[in-house]
$ cat protein-v8.cif   # mmCIF, C-alpha atoms
data_input
loop_
_atom_site.group_PDB
_atom_site.id
_atom_site.type_symbol
_atom_site.label_atom_id
_atom_site.label_comp_id
_atom_site.auth_asym_id
_atom_site.auth_seq_id
_atom_site.Cartn_x
_atom_site.Cartn_y
_atom_site.Cartn_z
ATOM 1 C CA MET A 19 0.000 0.000 0.000
ATOM 2 C CA ASP A 20 1.297 3.487 -0.863
ATOM 3 C CA THR A 21 2.318 5.827 1.937
ATOM 4 C CA ILE A 22 0.065 8.885 2.028
ATOM 5 C CA THR A 23 1.571 11.947 3.670
ATOM 6 C CA ASP A 24 -0.273 14.665 5.559
ATOM 7 C CA ASP A 25 0.775 17.177 2.885
ATOM 8 C CA PHE A 26 -0.683 14.993 0.151
ATOM 9 C CA MET A 27 -3.935 14.626 2.095
ATOM 10 C CA LYS A 28 -4.216 18.395 2.655
ATOM 11 C CA GLN A 29 -3.539 19.012 -1.028
ATOM 12 C CA MET A 30 -6.152 16.479 -2.115
ATOM 13 C CA MET A 31 -8.799 17.711 0.332
ATOM 14 C CA MET A 32 -8.663 21.109 -1.366
ATOM 15 C CA THR A 33 -9.851 19.474 -4.609
ATOM 16 C CA THR A 34 -13.059 17.982 -3.219
ATOM 17 C CA LYS A 35 -16.449 19.191 -4.377
ATOM 18 C CA PRO A 36 -19.807 19.147 -2.583
ATOM 19 C CA TYR A 37 -22.363 16.538 -3.604
ATOM 20 C CA THR A 38 -25.626 15.332 -2.116
ATOM 21 C CA MET A 39 -26.325 11.720 -1.187
ATOM 22 C CA VAL A 40 -29.823 10.270 -1.136
ATOM 23 C CA ILE A 41 -30.590 7.093 0.772
ATOM 24 C CA LEU A 42 -33.843 5.467 -0.327
ATOM 25 C CA THR A 43 -35.762 3.168 1.970
ATOM 26 C CA LYS A 44 -38.790 1.014 1.299
ATOM 27 C CA GLY A 45 -41.823 3.175 2.003
ATOM 28 C CA PRO A 46 -45.171 2.273 3.558
ATOM 29 C CA HIS A 47 -46.622 1.308 0.148
ATOM 30 C CA PHE A 48 -43.621 -0.688 -1.097
ATOM 31 C CA ASN A 49 -45.644 -3.897 -1.429
ATOM 32 C CA ARG A 50 -48.549 -2.414 -3.396
ATOM 33 C CA PRO A 51 -49.482 -4.570 -6.401
ATOM 34 C CA ASP A 52 -48.629 -1.717 -8.799
ATOM 35 C CA ALA A 53 -45.284 -0.899 -7.128
ATOM 36 C CA PRO A 54 -43.079 -2.712 -9.692
ATOM 37 C CA GLY A 55 -44.404 -0.535 -12.538
ATOM 38 C CA ILE A 56 -43.923 2.643 -10.525
ATOM 39 C CA ILE A 57 -40.388 1.595 -9.583
ATOM 40 C CA TRP A 58 -39.741 0.964 -13.298
ATOM 41 C CA GLU A 59 -40.713 4.601 -13.973
ATOM 42 C CA HIS A 60 -38.510 5.689 -11.053
ATOM 43 C CA GLY A 61 -35.640 3.916 -12.846
ATOM 44 C CA ARG A 62 -36.498 5.592 -16.146
ATOM 45 C CA ARG A 63 -36.373 8.955 -14.369
ATOM 46 C CA ASN A 64 -32.974 8.049 -12.905
ATOM 47 C CA PHE A 65 -31.654 7.448 -16.434
ATOM 48 C CA SER A 66 -32.888 10.923 -17.416
ATOM 49 C CA LEU A 67 -31.285 12.497 -14.354
ATOM 50 C CA ARG A 68 -28.009 10.727 -15.214
ATOM 51 C CA ALA A 69 -28.190 11.973 -18.798
ATOM 52 C CA GLU A 70 -28.680 15.535 -17.495
ATOM 53 C CA GLY A 71 -25.616 15.217 -15.240
ATOM 54 C CA LEU A 72 -27.624 15.581 -12.036
ATOM 55 C CA LEU A 73 -27.404 11.995 -10.777
ATOM 56 C CA SER A 74 -23.764 10.957 -10.790
ATOM 57 C CA VAL A 75 -23.953 7.461 -9.312
ATOM 58 C CA VAL A 76 -26.887 5.124 -8.630
ATOM 59 C CA PHE A 77 -26.776 2.049 -6.393
ATOM 60 C CA PRO A 78 -29.962 -0.035 -6.204
ATOM 61 C CA ILE A 79 -29.880 -2.188 -3.077
ATOM 62 C CA ARG A 80 -30.988 -5.766 -3.707
ATOM 63 C CA ASP A 81 -30.878 -7.350 -0.270
ATOM 64 C CA GLU A 82 -33.618 -8.035 2.270
ATOM 65 C CA SER A 83 -32.996 -4.853 4.294
ATOM 66 C CA ASP A 84 -35.337 -1.863 4.365
ATOM 67 C CA LYS A 85 -32.877 0.089 2.178
ATOM 68 C CA ALA A 86 -33.779 0.425 -1.501
ATOM 69 C CA GLY A 87 -30.945 2.459 -2.986
ATOM 70 C CA VAL A 88 -28.328 5.167 -2.788
ATOM 71 C CA GLY A 89 -27.724 7.988 -5.230
ATOM 72 C CA VAL A 90 -25.099 10.717 -5.424
ATOM 73 C CA PHE A 91 -26.391 13.963 -6.915
ATOM 74 C CA ASN A 92 -24.410 16.756 -8.484
ATOM 75 C CA ALA A 93 -26.784 19.301 -6.950
ATOM 76 C CA SER A 94 -27.358 21.178 -3.709
ATOM 77 C CA VAL A 95 -29.392 19.666 -0.876
ATOM 78 C CA GLU A 96 -32.311 21.973 -1.711
ATOM 79 C CA GLU A 97 -32.217 21.118 -5.432
ATOM 80 C CA THR A 98 -31.931 17.410 -4.654
ATOM 81 C CA LYS A 99 -34.938 17.515 -2.317
ATOM 82 C CA LYS A 100 -37.001 19.138 -5.088
ATOM 83 C CA ILE A 101 -35.871 16.459 -7.544
ATOM 84 C CA ILE A 102 -36.649 13.607 -5.142
ATOM 85 C CA GLU A 103 -40.054 14.996 -4.163
ATOM 86 C CA GLU A 104 -41.085 14.673 -7.840
ATOM 87 C CA ASP A 105 -39.999 11.037 -8.083
ATOM 88 C CA PRO A 106 -43.021 8.830 -8.864
ATOM 89 C CA ALA A 107 -42.094 6.182 -6.281
ATOM 90 C CA VAL A 108 -41.606 8.805 -3.555
ATOM 91 C CA LYS A 109 -44.865 10.550 -4.462
ATOM 92 C CA GLU A 110 -46.723 7.217 -4.132
ATOM 93 C CA GLY A 111 -45.100 6.296 -0.793
ATOM 94 C CA ILE A 112 -43.358 3.293 -2.329
ATOM 95 C CA LEU A 113 -39.984 4.799 -1.450
ATOM 96 C CA SER A 114 -38.961 7.162 1.346
ATOM 97 C CA TYR A 115 -35.718 9.094 1.442
ATOM 98 C CA GLU A 116 -33.017 10.851 3.453
ATOM 99 C CA VAL A 117 -30.772 13.560 1.995
ATOM 100 C CA HIS A 118 -27.215 14.182 3.214
ATOM 101 C CA MET A 119 -24.500 16.647 2.242
ATOM 102 C CA THR A 120 -21.213 15.006 1.311
ATOM 103 C CA ARG A 121 -17.957 15.730 -0.506
ATOM 104 C CA SER A 122 -15.866 13.751 -2.934
ATOM 105 C CA PHE A 123 -13.269 14.082 -5.632
ATOM 106 C CA PRO A 124 -14.532 15.180 -9.058
ATOM 107 C CA GLY A 125 -13.877 12.452 -11.598
ATOM 108 C CA ASP A 126 -13.981 9.593 -9.107
ATOM 109 C CA LYS A 127 -15.509 6.530 -10.689
ATOM 110 C CA LEU A 128 -16.198 2.906 -10.061
ATOM 111 C CA PRO A 129 -13.761 0.387 -11.477
ATOM 112 C CA GLY A 130 -14.780 -0.874 -14.916
#

$ encode --input "protein-v8.cif" --output "C-alpha cells"
Amino acid sequence: MDTITDDFMKQMMMTTKPYTMVILTKGPHFNRPDAPGIIWEHGRRNFSLRAEGLLSVVFPIRDESDKAGVGVFNASVEETKKIIEEDPAVKEGILSYEVHMTRSFPGDKLPG
C-alpha cells in the first residue's frame, strides 16, 4: 500500500467538491401490487437524471434490508430535495428518502 503523507492529504482535500447523497428506503406502500411498474418509472427517471448530469452514481440495493438504494447527486441539498419529491415512487409512498450533504473528488468513478 502506498504511503500517504499529511501534505498529500491536505492538497487532495482542497480538490473535493460538494455533492448530495440520497438514501432510499422502502416506504409504507412498497408492497402495493402496482409498485413494480412505478419503480420501473422511477428507474427511467434516474436514467434521465443521469443523462442531465444531475445523478452521478446510482446504487440499487438488492438485499432483504429496508434500504432500496443510494444515489449521489451533483446538486445542492435543496435542489436534490425538489428532484426527489417529484420522483413517482416517492410521491406514491413506495420509497422514502433521506438527503445528506457530502464531498468527494470530481472524476472519481467505479472500477470498470

$ closest_residue --input "protein-v8.cif" --among "A:Thr38, A:Gly87, A:Pro51, A:Met27" --to "Leu72 in chain A" --atoms "all atoms listed in the file"
A:Thr38

$ residues_around --input "protein-v8.cif" --residues "Phe48 in chain A" --least-positions-apart "2" --cutoff "8 Å" --atoms "all atoms listed in the file" --output "MDAnalysis selection string"
chainID A and resid 44:46 50 53 111:113

$ resolve_selection --input "protein-v8.cif" --expression "the PyMOL selection byres ((chain A and resi 124) around 8)" --output "mmCIF file with C-alpha atoms, keeping the file's coordinate frame"
data_model
loop_
_atom_site.group_PDB
_atom_site.id
_atom_site.type_symbol
_atom_site.label_atom_id
_atom_site.label_comp_id
_atom_site.auth_asym_id
_atom_site.auth_seq_id
_atom_site.Cartn_x
_atom_site.Cartn_y
_atom_site.Cartn_z
ATOM 1 C CA THR A 33 -9.851 19.474 -4.609
ATOM 2 C CA THR A 34 -13.059 17.982 -3.219
ATOM 3 C CA LYS A 35 -16.449 19.191 -4.377
ATOM 4 C CA SER A 122 -15.866 13.751 -2.934
ATOM 5 C CA PHE A 123 -13.269 14.082 -5.632
ATOM 6 C CA GLY A 125 -13.877 12.452 -11.598
ATOM 7 C CA ASP A 126 -13.981 9.593 -9.107
#

$ axis_aligned_box --input "protein-v8.cif" --around "range 105-123 of chain A" --padding-each-side "3 Å" --output "lines of an AutoDock Vina configuration file"
center_x = -30.0
center_y = 10.0
center_z = -2.7
size_x = 39.5
size_y = 19.4
size_z = 18.3

$ closest_residue --input "protein-v8.cif" --among "A:Glu96, A:Met39, A:Phe91, A:Phe77" --to "Leu128 in chain A" --atoms "all atoms listed in the file"
A:Phe77

$ atom_distance --input "protein-v8.cif" --atom1 "CA of Val75 in chain A" --atom2 "CA of Val90 in chain A"
5.2 Å

$ atom_distance --input "protein-v8.cif" --atom1 "CA of Glu82 in chain A" --atom2 "CA of Asn49 in chain A"
13.2 Å

$ closest_residue --input "protein-v8.cif" --among "A:Arg68, A:His47, A:Lys127, A:His60" --to "Glu103 in chain A" --atoms "all atoms listed in the file"
A:His60

$ atom_distance --input "protein-v8.cif" --atom1 "CA of Glu59 in chain A" --atom2 "CA of Pro106 in chain A"
7.0 Å

$ closest_residue --input "protein-v8.cif" --among "A:Pro129, A:Pro78, A:Gly55, A:Pro36" --to "Ala107 in chain A" --atoms "all atoms listed in the file"
A:Gly55

$ closest_residue --input "protein-v8.cif" --among "A:Ile101, A:Val108, A:Ala69, A:Val95" --to "Tyr37 in chain A" --atoms "all atoms listed in the file"
A:Val95

$ closest_residue --input "protein-v8.cif" --among "A:Gly61, A:Leu73, A:Ser66, A:Ile56" --to "Ser94 in chain A" --atoms "only C-alpha atoms"
A:Leu73

$ resolve_selection --input "protein-v8.cif" --expression "the PyMOL selection byres ((chain A and resi 84) around 6)" --output "VMD selection string"
chain A and resid 43 to 44 83 85

$ residues_around --input "protein-v8.cif" --residues "Glu116 in chain A" --least-positions-apart "4" --cutoff "7 Å" --atoms "only C-alpha atoms" --output "PyMOL selection string"
chain A and resi 40-42

$ build_atoms --input "protein-v8.cif" --residues "range 93-113 of chain A" --atoms "N, CA and C atoms" --output "PDB file, in the frame of the given file"
ATOM      1  N   ALA A  93     -25.838  18.212  -7.192  1.00  0.00           N
ATOM      2  CA  ALA A  93     -26.784  19.301  -6.950  1.00  0.00           C
ATOM      3  C   ALA A  93     -26.764  19.625  -5.459  1.00  0.00           C
ATOM      4  N   SER A  94     -27.287  20.788  -5.118  1.00  0.00           N
ATOM      5  CA  SER A  94     -27.358  21.178  -3.709  1.00  0.00           C
ATOM      6  C   SER A  94     -28.408  20.324  -2.989  1.00  0.00           C
ATOM      7  N   VAL A  95     -28.402  20.392  -1.673  1.00  0.00           N
ATOM      8  CA  VAL A  95     -29.392  19.666  -0.876  1.00  0.00           C
ATOM      9  C   VAL A  95     -30.799  20.127  -1.255  1.00  0.00           C
ATOM     10  N   GLU A  96     -30.993  21.437  -1.380  1.00  0.00           N
ATOM     11  CA  GLU A  96     -32.311  21.973  -1.711  1.00  0.00           C
ATOM     12  C   GLU A  96     -32.767  21.500  -3.092  1.00  0.00           C
ATOM     13  N   GLU A  97     -31.877  21.578  -4.081  1.00  0.00           N
ATOM     14  CA  GLU A  97     -32.217  21.118  -5.432  1.00  0.00           C
ATOM     15  C   GLU A  97     -32.531  19.622  -5.433  1.00  0.00           C
ATOM     16  N   THR A  98     -31.730  18.861  -4.703  1.00  0.00           N
ATOM     17  CA  THR A  98     -31.931  17.410  -4.654  1.00  0.00           C
ATOM     18  C   THR A  98     -33.272  17.076  -4.024  1.00  0.00           C
ATOM     19  N   LYS A  99     -33.631  17.764  -2.946  1.00  0.00           N
ATOM     20  CA  LYS A  99     -34.938  17.515  -2.317  1.00  0.00           C
ATOM     21  C   LYS A  99     -36.067  17.778  -3.302  1.00  0.00           C
ATOM     22  N   LYS A 100     -35.967  18.844  -4.088  1.00  0.00           N
ATOM     23  CA  LYS A 100     -37.001  19.138  -5.088  1.00  0.00           C
ATOM     24  C   LYS A 100     -37.074  18.022  -6.127  1.00  0.00           C
ATOM     25  N   ILE A 101     -35.919  17.545  -6.562  1.00  0.00           N
ATOM     26  CA  ILE A 101     -35.871  16.459  -7.544  1.00  0.00           C
ATOM     27  C   ILE A 101     -36.522  15.201  -6.973  1.00  0.00           C
ATOM     28  N   ILE A 102     -36.159  14.840  -5.755  1.00  0.00           N
ATOM     29  CA  ILE A 102     -36.649  13.607  -5.142  1.00  0.00           C
ATOM     30  C   ILE A 102     -38.148  13.689  -4.846  1.00  0.00           C
ATOM     31  N   GLU A 103     -38.622  14.844  -4.457  1.00  0.00           N
ATOM     32  CA  GLU A 103     -40.054  14.996  -4.163  1.00  0.00           C
ATOM     33  C   GLU A 103     -40.916  14.761  -5.397  1.00  0.00           C
ATOM     34  N   GLU A 104     -40.348  14.905  -6.596  1.00  0.00           N
ATOM     35  CA  GLU A 104     -41.085  14.673  -7.840  1.00  0.00           C
ATOM     36  C   GLU A 104     -40.943  13.243  -8.357  1.00  0.00           C
ATOM     37  N   ASP A 105     -40.185  12.421  -7.668  1.00  0.00           N
ATOM     38  CA  ASP A 105     -39.999  11.037  -8.083  1.00  0.00           C
ATOM     39  C   ASP A 105     -41.318  10.288  -7.933  1.00  0.00           C
ATOM     40  N   PRO A 106     -41.725   9.522  -8.953  1.00  0.00           N
ATOM     41  CA  PRO A 106     -43.021   8.830  -8.864  1.00  0.00           C
ATOM     42  C   PRO A 106     -43.117   7.850  -7.698  1.00  0.00           C
ATOM     43  N   ALA A 107     -42.052   7.156  -7.379  1.00  0.00           N
ATOM     44  CA  ALA A 107     -42.094   6.182  -6.281  1.00  0.00           C
ATOM     45  C   ALA A 107     -42.163   6.880  -4.923  1.00  0.00           C
ATOM     46  N   VAL A 108     -41.532   8.030  -4.801  1.00  0.00           N
ATOM     47  CA  VAL A 108     -41.606   8.805  -3.555  1.00  0.00           C
ATOM     48  C   VAL A 108     -43.006   9.398  -3.412  1.00  0.00           C
ATOM     49  N   LYS A 109     -43.526   9.946  -4.498  1.00  0.00           N
ATOM     50  CA  LYS A 109     -44.865  10.550  -4.462  1.00  0.00           C
ATOM     51  C   LYS A 109     -45.931   9.531  -4.058  1.00  0.00           C
ATOM     52  N   GLU A 110     -45.743   8.274  -4.433  1.00  0.00           N
ATOM     53  CA  GLU A 110     -46.723   7.217  -4.132  1.00  0.00           C
ATOM     54  C   GLU A 110     -46.448   6.515  -2.793  1.00  0.00           C
ATOM     55  N   GLY A 111     -45.406   6.927  -2.070  1.00  0.00           N
ATOM     56  CA  GLY A 111     -45.100   6.296  -0.793  1.00  0.00           C
ATOM     57  C   GLY A 111     -44.466   4.925  -0.915  1.00  0.00           C
ATOM     58  N   ILE A 112     -44.024   4.577  -2.116  1.00  0.00           N
ATOM     59  CA  ILE A 112     -43.358   3.293  -2.329  1.00  0.00           C
ATOM     60  C   ILE A 112     -41.925   3.375  -1.820  1.00  0.00           C
ATOM     61  N   LEU A 113     -41.322   4.542  -1.978  1.00  0.00           N
ATOM     62  CA  LEU A 113     -39.984   4.799  -1.450  1.00  0.00           C
ATOM     63  C   LEU A 113     -40.018   6.034  -0.559  1.00  0.00           C
TER      64      LEU A 113
END
